[in-house]
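Visitor: My structure file data_10.txt, compact mmCIF, C-alpha atoms, is below:
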```
# COMPACT_ATOMS: atom_id res chain seq x y z
CA MET I 181 18.62 -6.18 -11.07
CA GLY I 182 21.78 -6.55 -13.14
CA LYS I 183 19.72 -7.50 -16.20
CA VAL I 184 17.33 -4.61 -15.64
CA CYS I 185 20.24 -2.18 -15.30
CA ALA I 186 21.78 -3.48 -18.52
CA VAL I 187 18.56 -2.79 -20.43
CA MET I 188 18.24 0.58 -18.71
CA TRP I 189 21.75 1.64 -19.70
CA ASN I 190 21.28 0.46 -23.28
CA THR I 191 18.01 2.43 -23.53
CA TYR I 192 19.79 5.52 -22.23
CA ARG I 193 22.66 5.10 -24.70
CA GLU I 194 20.25 4.84 -27.63
CA ALA I 195 18.27 7.87 -26.45
CA VAL I 196 21.23 10.25 -26.03
CA ARG I 197 22.26 9.52 -29.61
CA ALA I 198 18.84 10.38 -31.02
CA ARG I 199 18.69 13.60 -32.99
CA ILE I 200 15.22 14.43 -31.80
CA LEU I 201 16.47 14.61 -28.22
CA HIS I 202 19.21 17.02 -29.30
CA GLY I 203 16.61 19.12 -31.08
CA MET I 204 14.34 19.23 -28.04
CA PHE I 205 17.27 20.23 -25.86
CA GLY I 206 18.12 23.04 -28.27
CA LEU I 207 14.51 24.25 -28.17
CA ALA I 208 14.55 24.18 -24.38
CA VAL I 209 17.74 26.27 -24.27
CA ALA I 210 16.26 28.68 -26.83
CA SER I 211 13.15 29.00 -24.66
CA SER I 212 15.30 29.98 -21.67
CA LEU I 213 17.06 32.64 -23.73
CA TYR I 214 13.71 33.86 -25.05
CA ALA I 215 12.45 34.13 -21.45
CA ILE I 216 15.39 36.42 -20.67
CA VAL I 217 14.39 38.69 -23.56
CA VAL I 218 10.77 38.73 -22.44
CA GLY I 219 11.86 39.44 -18.88
CA GLN I 220 13.61 42.60 -19.98
CA TYR I 221 10.21 44.14 -20.70
CA ALA I 222 9.36 43.69 -17.02
CA SER I 223 12.58 44.95 -15.48
CA LYS I 224 11.35 44.70 -11.90
CA HIS I 225 10.15 41.13 -12.35
CA ALA I 226 12.63 39.80 -14.91
CA ALA I 227 13.72 36.91 -12.67
CA ARG I 228 10.11 35.92 -12.02
CA VAL I 229 9.28 35.92 -15.73
CA LEU I 230 12.34 33.80 -16.44
CA SER I 231 11.55 31.26 -13.72
CA ASP I 232 7.88 30.95 -14.69
CA LEU I 233 8.48 30.63 -18.43
CA GLY I 234 11.48 28.37 -17.87
CA ALA I 235 9.54 26.01 -15.59
CA ALA I 236 6.63 25.89 -18.05
CA SER I 237 8.88 25.13 -21.03
CA LEU I 238 10.75 22.50 -19.00
CA SER I 239 7.49 20.65 -18.32
CA LEU I 240 6.36 20.94 -21.94
CA TYR I 241 9.58 19.62 -23.49
CA ALA I 242 9.99 16.89 -20.88
CA VAL I 243 6.49 15.57 -21.57
CA THR I 244 7.18 15.68 -25.32
CA VAL I 245 10.38 13.68 -24.90
CA ALA I 246 8.59 11.18 -22.64
CA VAL I 247 5.85 10.64 -25.24
CA VAL I 248 8.31 10.27 -28.13
CA MET I 249 10.60 7.89 -26.27
CA GLY I 250 7.72 5.85 -24.89
CA ALA I 251 6.12 5.54 -28.32
CA THR I 252 9.24 4.59 -30.29
CA SER I 253 11.71 2.86 -27.98
CA LEU I 254 9.94 -0.47 -27.57
CA TYR I 255 8.54 -0.48 -31.11
CA ARG I 256 12.04 0.02 -32.58
CA GLU I 257 13.33 -3.02 -30.69
CA ILE I 258 10.48 -5.16 -32.01
CA GLU I 259 10.68 -3.79 -35.57
CA LEU I 260 14.44 -4.37 -35.81
CA LYS I 261 14.05 -7.75 -34.07
CA THR I 262 16.78 -6.88 -31.56
CA ILE I 263 14.40 -7.88 -28.79
CA PHE I 264 14.55 -11.58 -29.72
CA PRO I 265 18.16 -12.29 -28.67
CA ILE I 266 17.52 -10.33 -25.46
CA LEU I 267 14.41 -12.27 -24.46
CA SER I 268 16.01 -15.57 -25.49
CA ARG I 269 18.32 -15.13 -22.52
CA PRO I 270 17.19 -15.77 -18.95
CA MET I 271 15.27 -12.48 -18.77
CA SER I 272 11.54 -12.15 -18.31
CA ARG I 273 9.42 -9.69 -20.26
CA PRO I 274 8.49 -7.68 -17.13
CA GLN I 275 12.20 -7.26 -16.38
CA TYR I 276 12.77 -6.03 -19.90
CA LEU I 277 9.90 -3.54 -19.68
CA LEU I 278 11.15 -2.28 -16.32
CA GLY I 279 14.60 -1.73 -17.81
CA LYS I 280 13.14 0.20 -20.76
CA TYR I 281 11.09 2.32 -18.38
CA LEU I 282 14.02 3.10 -16.07
CA GLY I 283 16.17 3.95 -19.09
CA THR I 284 13.52 6.41 -20.26
CA VAL I 285 13.31 7.98 -16.80
CA LEU I 286 17.11 8.23 -16.62
CA THR I 287 17.20 9.99 -19.99
CA LEU I 288 14.47 12.40 -18.88
CA LEU I 289 16.33 13.08 -15.64
CA VAL I 290 19.51 13.98 -17.53
CA PHE I 291 17.56 16.08 -20.04
CA MET I 292 15.72 18.00 -17.33
CA ALA I 293 18.73 18.44 -15.05
CA ALA I 294 20.74 20.00 -17.89
CA ASN I 295 17.90 22.38 -18.71
CA VAL I 296 17.41 23.34 -15.08
CA GLY I 297 21.15 23.98 -14.76
CA ILE I 298 21.03 26.33 -17.74
CA LEU I 299 17.95 28.01 -16.27
CA PHE I 300 19.78 28.52 -12.97
CA SER I 301 22.70 30.03 -14.86
CA CYS I 302 20.33 32.41 -16.67
CA LEU I 303 18.84 33.47 -13.33
CA ALA I 304 22.34 34.12 -12.01
CA ALA I 305 23.20 36.06 -15.19
CA LEU I 306 20.24 38.37 -14.54
CA HIS I 307 21.64 39.06 -11.09
CA GLY I 308 24.55 41.41 -11.68
CA GLU I 309 26.83 40.11 -8.94
CA ARG I 310 27.25 36.61 -10.38
CA GLY I 311 26.39 37.16 -14.01
CA GLN I 312 29.97 36.90 -15.26
CA ALA I 313 30.63 33.87 -13.05
CA ALA I 314 27.56 32.11 -14.50
CA MET I 315 28.73 32.76 -18.05
CA GLY I 316 32.23 31.55 -17.19
CA VAL I 317 30.92 28.34 -15.60
CA ALA I 318 28.68 27.60 -18.59
CA LEU I 319 31.46 28.22 -21.13
CA PHE I 320 33.95 26.15 -19.13
CA GLY I 321 31.53 23.22 -18.99
CA LEU I 322 30.85 23.49 -22.72
CA VAL I 323 34.57 23.54 -23.58
CA VAL I 324 35.27 20.52 -21.36
CA VAL I 325 32.42 18.56 -22.96
CA VAL I 326 33.59 19.39 -26.50
CA VAL I 327 37.19 18.38 -25.72
CA LEU I 328 36.18 15.11 -24.04
CA PHE I 329 33.70 14.35 -26.83
CA TRP I 330 36.53 14.68 -29.34
CA LYS I 331 39.24 12.90 -27.35
CA ALA I 332 37.45 10.31 -25.24
CA ARG I 333 35.08 8.52 -27.61
CA GLY I 334 34.34 5.80 -25.06
CA MET I 335 32.77 8.38 -22.73
CA ARG I 336 30.41 9.97 -25.24
CA THR I 337 27.28 8.39 -23.80
CA LEU I 338 28.31 9.25 -20.25
CA LEU I 339 29.22 12.86 -21.02
CA PRO I 340 25.65 14.21 -21.14
CA ALA I 341 24.91 12.88 -17.64
CA CYS I 342 28.15 14.30 -16.23
CA TRP I 343 27.61 17.65 -17.92
CA ALA I 344 23.99 17.81 -16.71
CA LEU I 345 25.12 17.14 -13.14
CA TYR I 346 27.85 19.78 -13.43
CA MET I 347 25.45 22.40 -14.79
CA PHE I 348 22.79 21.59 -12.21
CA VAL I 349 25.10 21.79 -9.18
CA SER I 350 27.01 24.86 -10.36
CA GLY I 351 23.81 26.64 -11.41
CA LEU I 352 22.16 25.83 -8.09
CA PHE I 353 25.07 27.50 -6.29
CA LEU I 354 25.29 30.52 -8.58
CA ALA I 355 21.54 31.23 -8.33
CA SER I 356 21.63 31.28 -4.52
CA SER I 357 21.15 35.05 -4.53
CA VAL I 358 17.75 34.67 -6.21
CA VAL I 359 16.20 32.53 -3.49
CA ASP I 360 12.51 32.59 -4.37
CA GLU I 361 12.95 32.07 -8.10
CA ARG I 362 15.52 29.33 -7.57
CA GLN I 363 13.03 27.52 -5.33
CA VAL I 364 10.30 27.90 -7.95
CA VAL I 365 12.52 26.27 -10.57
CA LEU I 366 13.74 23.56 -8.20
CA VAL I 367 10.26 22.58 -7.00
CA SER I 368 8.92 22.72 -10.57
CA PHE I 369 11.77 20.43 -11.64
CA PHE I 370 10.81 17.85 -9.01
CA LEU I 371 7.11 18.00 -9.84
CA SER I 372 7.77 17.81 -13.60
CA LEU I 373 9.99 14.78 -13.01
CA CYS I 374 7.18 13.08 -11.10
CA GLU I 375 4.76 13.95 -13.89
CA VAL I 376 6.92 12.55 -16.69
CA THR I 377 7.39 9.29 -14.80
CA ILE I 378 3.62 8.83 -15.07
CA VAL I 379 3.55 9.95 -18.71
CA ALA I 380 6.39 7.56 -19.59
CA ALA I 381 4.53 4.70 -17.88
CA ILE I 382 1.35 5.56 -19.82
CA ALA I 383 3.29 5.58 -23.10
CA LEU I 384 4.92 2.25 -22.24
CA LEU I 385 1.51 0.74 -21.48
CA PHE I 386 0.12 1.72 -24.88
CA SER I 387 3.31 0.78 -26.74
CA SER I 388 3.11 -2.74 -25.29
CA PHE I 389 0.23 -3.48 -27.68
CA SER I 390 -0.06 -0.58 -30.14
CA SER I 391 1.82 1.24 -32.90
CA PRO I 392 3.96 4.36 -32.29
CA PHE I 393 1.40 6.72 -33.82
CA LEU I 394 -1.51 5.38 -31.79
CA THR I 395 0.66 5.25 -28.69
CA ALA I 396 1.53 8.93 -29.06
CA VAL I 397 -2.12 9.87 -29.70
CA PHE I 398 -3.45 7.84 -26.75
CA THR I 399 -0.75 9.12 -24.41
CA LEU I 400 -1.34 12.75 -25.37
CA GLY I 401 -5.07 12.20 -24.92
CA VAL I 402 -4.61 10.82 -21.42
CA PHE I 403 -2.19 13.65 -20.64
CA ILE I 404 -4.67 16.31 -21.76
CA VAL I 405 -7.47 14.71 -19.75
CA GLY I 406 -5.16 14.41 -16.74
CA ARG I 407 -4.23 18.08 -16.97
CA SER I 408 -7.96 18.89 -17.09
CA ALA I 409 -9.04 16.48 -14.35
CA ASP I 410 -10.08 19.19 -11.88
CA THR I 411 -12.07 21.03 -14.54
CA LEU I 412 -13.81 17.85 -15.74
CA ALA I 413 -14.81 16.95 -12.20
CA GLN I 414 -16.54 20.31 -11.77
CA LEU I 415 -18.44 20.69 -15.04
CA PRO I 416 -21.69 22.55 -14.20
CA VAL I 417 -24.81 20.43 -14.71
CA ARG I 418 -26.88 23.43 -15.80
CA VAL I 419 -24.55 24.14 -18.74
CA PHE I 420 -23.51 20.67 -19.91
CA GLY I 421 -26.30 18.47 -18.59
CA PRO I 422 -26.15 15.49 -16.20
CA LEU I 423 -24.69 13.04 -18.76
CA ILE I 424 -21.68 15.19 -19.66
CA HIS I 425 -21.20 16.01 -15.98
CA GLU I 426 -21.09 12.33 -15.03
CA LEU I 427 -18.73 11.54 -17.92
CA GLY I 428 -16.41 14.31 -16.78
CA VAL I 429 -16.42 13.05 -13.21
CA GLY I 430 -15.76 9.51 -14.39
CA ALA I 431 -12.88 10.58 -16.64
CA SER I 432 -11.29 12.57 -13.80
CA ARG I 433 -11.34 9.49 -11.59
CA VAL I 434 -9.99 7.04 -14.17
CA VAL I 435 -6.93 8.99 -15.36
CA PRO I 436 -4.09 10.36 -13.19
CA ASN I 437 -4.75 13.86 -11.91
CA LEU I 438 -1.78 15.66 -13.47
CA MET I 439 -2.98 19.04 -12.20
CA VAL I 440 -1.20 18.10 -8.99
CA TYR I 441 2.09 18.78 -10.77
CA VAL I 442 1.23 22.34 -11.80
CA PRO I 443 0.31 23.90 -8.44
CA PRO I 444 -0.16 27.62 -7.69
CA ARG I 445 2.96 29.72 -7.34
CA ALA I 446 2.38 30.12 -3.59
CA ILE I 447 3.08 26.41 -3.09
CA LEU I 448 6.21 26.59 -5.24
CA THR I 449 7.66 29.45 -3.19
CA GLY I 450 6.52 28.04 0.15
CA ALA I 451 4.24 31.01 0.85
CA SER I 452 1.03 28.96 1.00
CA ILE I 453 -0.63 28.83 4.41
CA GLU I 454 -2.90 25.92 3.47
CA VAL I 455 -0.25 23.28 2.78
CA GLU I 456 3.50 23.04 3.30
CA THR I 457 5.68 22.63 0.25
CA LEU I 458 7.48 19.50 1.50
CA GLU I 459 4.21 17.84 2.41
CA TYR I 460 2.81 18.65 -1.02
CA LEU I 461 5.91 17.26 -2.75
CA GLY I 462 5.71 14.08 -0.71
CA LEU I 463 2.07 13.45 -1.66
CA ALA I 464 2.82 14.24 -5.32
CA ALA I 465 5.72 11.77 -5.32
CA LEU I 466 3.58 9.05 -3.71
CA GLN I 467 0.92 9.53 -6.36
CA ALA I 468 3.55 9.27 -9.11
CA ILE I 469 4.98 6.08 -7.61
CA ALA I 470 1.53 4.52 -7.21
CA TRP I 471 0.39 5.33 -10.76
CA SER I 472 3.71 4.29 -12.31
CA THR I 473 3.64 0.96 -10.47
CA ALA I 474 0.05 0.26 -11.51
CA LEU I 475 0.67 1.21 -15.14
CA LEU I 476 3.87 -0.84 -15.36
CA THR I 477 2.07 -3.83 -13.86
CA ALA I 478 -0.68 -3.55 -16.48
CA ALA I 479 1.91 -3.14 -19.25
CA SER I 480 3.77 -6.25 -18.06
CA LEU I 481 0.58 -8.33 -18.06
CA ILE I 482 -0.24 -7.25 -21.62
CA PHE I 483 3.32 -7.55 -22.94
CA ARG I 484 3.71 -11.01 -21.43
CA ARG I 485 0.93 -12.32 -23.66
CA ARG I 486 1.95 -10.48 -26.80
CA ASP I 487 2.86 -12.59 -29.82
CA PHE I 488 5.68 -11.08 -31.93
CA VAL I 489 5.11 -13.36 -34.94
```
Mind converting the file's structure to structure tokens?
Guide:
Amino acid sequence: MGKVCAVMWNTYREAVRARILHGMFGLAVASSLYAIVVGQYASKHAARVLSDLGAASLSLYAVTVAVVMGATSLYREIELKTIFPILSRPMSRPQYLLGKYLGTVLTLLVFMAANVGILFSCLAALHGERGQAAMGVALFGLVVVVVLFWKARGMRTLLPACWALYMFVSGLFLASSVVDERQVVLVSFFLSLCEVTIVAAIALLFSSFSSPFLTAVFTLGVFIVGRSADTLAQLPVRVFGPLIHELGVGASRVVPNLMVYVPPRAILTGASIEVETLEYLGLAALQAIAWSTALLTAASLIFRRRDFV
């Protein structure tokens, strides 16, 4: 596992330096601020608007980052030929792929945790009692990060993870007065994390034998079909005919059902009487683990036979 962890950490270090990740993080923060503005037009439900829009934008940007990283990370190593000295050491190709995958998941975890922490702080800012405290905590964290980034250059790759953890924990505490909306964001964060683990595994599978452009196209295609799995499985025969109906059913069974990770709001808040939230989260996590394992196994089998010459 030491070799896998080394590849994982190196993948994370390369990702946190990428400008596109910084841009996506800026867009995610801007989306949270935009949700606050939109929420002001529904004064009685401002917190609900913020949590719903924030959770939706979190899922969107996390999937985008997963697709971009999955499509470019492995290809860059092969294109720059930095993979050759790595594989010349006593490290198998499946170990290398596992390290790349875990590094991608770690980057996504840091990215999402930071965004959720900011979203929690925005929820607390909407609640008058802790609004000033939320702003103070956010500014303090930002100042500390800027100072350490300037003074401690050796910690620059570790700073994003530490700052994300700080924002997540402090925001979780500050948003304790908005119980329902905090739970919506927290449950959505867990489900989105499960979803992007599958998306990252799909991208890694395609990148093991394809180019970045085709990998991104194929991954987005599978993602769209996965998000439409329930609809495809229920296409009416009278409207589309038996052939299209059977194709839709077949597609819904072949790809991961990603609709599991965007459940109704009642499940997010724990108000559903049909299924308990913890039970639902457990089944969703098991599905993510099963699909990720199967996809990584297929990627390892393909990558093991790939000729780099």
Visitor: Give me the stretch 230-275 of chain I side of the contact with stretch 352-363 of chain I, cut-off 12 Å, one line per residue showing its nearest atom pair and distance in Å at one decimal, counting only C-alpha atoms, sorted by chain and residue number, as JSON lines.
Guide:
```
{"residue": "I:Leu230", "atom": "CA", "partner": "I:Glu361", "partner_atom": "CA", "distance": 8.5}
{"residue": "I:Ser231", "atom": "CA", "partner": "I:Glu361", "partner_atom": "CA", "distance": 5.8}
{"residue": "I:Asp232", "atom": "CA", "partner": "I:Glu361", "partner_atom": "CA", "distance": 8.4}
{"residue": "I:Leu233", "atom": "CA", "partner": "I:Glu361", "partner_atom": "CA", "distance": 11.3}
{"residue": "I:Gly234", "atom": "CA", "partner": "I:Glu361", "partner_atom": "CA", "distance": 10.6}
{"residue": "I:Ala235", "atom": "CA", "partner": "I:Glu361", "partner_atom": "CA", "distance": 10.2}
```
Visitor: Tell me which residues come within 12 Å of (7.1, -2.3, -18.1), as a PyMOL selection string, counting all atoms listed in the file in the file's coordinates.
Guide: chain I and resi 184+187-188+250+254+272-284+380-389+472-484
Visitor: If we count all atoms listed in the file, what is near I:Val290 at a cut-off of 12 Å, once residues fewer than 6 positions away on the same chain are taken out, given as JSON, numbers by chain?
Guide: {"I": [192, 193, 195, 196, 201, 205, 242, 245, 283, 284, 296, 297, 337, 338, 339, 340, 341, 342, 343, 344, 345, 346, 347, 348, 369, 373]}
Visitor: Can you tell me how far atom CA of I:Val364 sits from atom CA of I:Thr449, in Å to one decimal?
Guide: 5.7 Å
Visitor: Residues near stretch 461-465 of chain I, anyone? I mean within 8 Å using only C-alpha atoms, not counting same-chain ones fewer than 6 positions away, as a list of chain:residue names.
Guide: I:Phe370, I:Leu371, I:Cys374, I:Val440, I:Tyr441
Visitor: Got time to write the residues from that selection, C-alpha atoms, as a tab-separated table (two decimals), keeping the file's coordinate frame?
Guide:
```tsv
chain	number	residue	atom	x	y	z
I	370	PHE	CA	10.81	17.85	-9.01
I	371	LEU	CA	7.11	18.00	-9.84
I	374	CYS	CA	7.18	13.08	-11.10
I	440	VAL	CA	-1.20	18.10	-8.99
I	441	TYR	CA	2.09	18.78	-10.77
```
Visitor: Excluding same-chain residues fewer than 6 positions from I:Ile404, what lies within 12 Å of it counting all atoms listed in the file, as a list in words?
Guide: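 Result of the neighbour search: Leu240, Val243, Val379, Val397, Phe398, Asp410, Thr411, Leu412, Ala431, Ser432, Val435, Pro436, Asn437, Leu438 and Met439 of chain I.
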Visitor: Of the candidates I:Ser301, I:Asp487, I:Leu366, I:Arg407, which shows the shortest atom-to-atom distance to I:Leu448, using only C-alpha atoms?
Guide: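 Ranking I:Ser301, I:Asp487, I:Leu366, I:Arg407 by distance to I:Leu448, first place goes to I:Leu366.
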Visitor: Considering all atoms listed in the file, can you say which of I:Ser372, I:Thr377, I:Gln467, I:Ser212 comes closest to I:Val442?
Guide: I:Ser372
Visitor: Between I:Val376, I:Val248, I:Leu238, I:Ser211, which one has atoms that come closest to I:Ala293, using only C-alpha atoms?
Guide: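 Distance minimum relative to I:Ala293 lands on I:Leu238.
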Visitor: By how many Å are atom CA of I:Pro270 and atom CA of I:Ser391 apart?
Guide: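 Between atom CA of I:Pro270 and atom CA of I:Ser391 the gap works out to 26.8 Å.
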Visitor: Of the candidates I:Phe420, I:Leu400, I:Ser390, I:Ile378, which one gets nearest to I:Ile258 if we count all atoms listed in the file?
Guide: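 For I:Ile258, the nearest of the given residues is I:Ser390.
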Visitor: Find, counting only C-alpha atoms, the residue in I:Ala236, I:Ala304, I:Ala251, I:Ala409 that gets nearest to I:Val365.
Guide: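 Under the stated criterion, the closest residue is I:Ala236.
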Visitor: Grab the atom CA of I:Leu427 to atom CA of I:Glu375 distance for me, in Å with one decimal place.
Guide: 24.0 Å
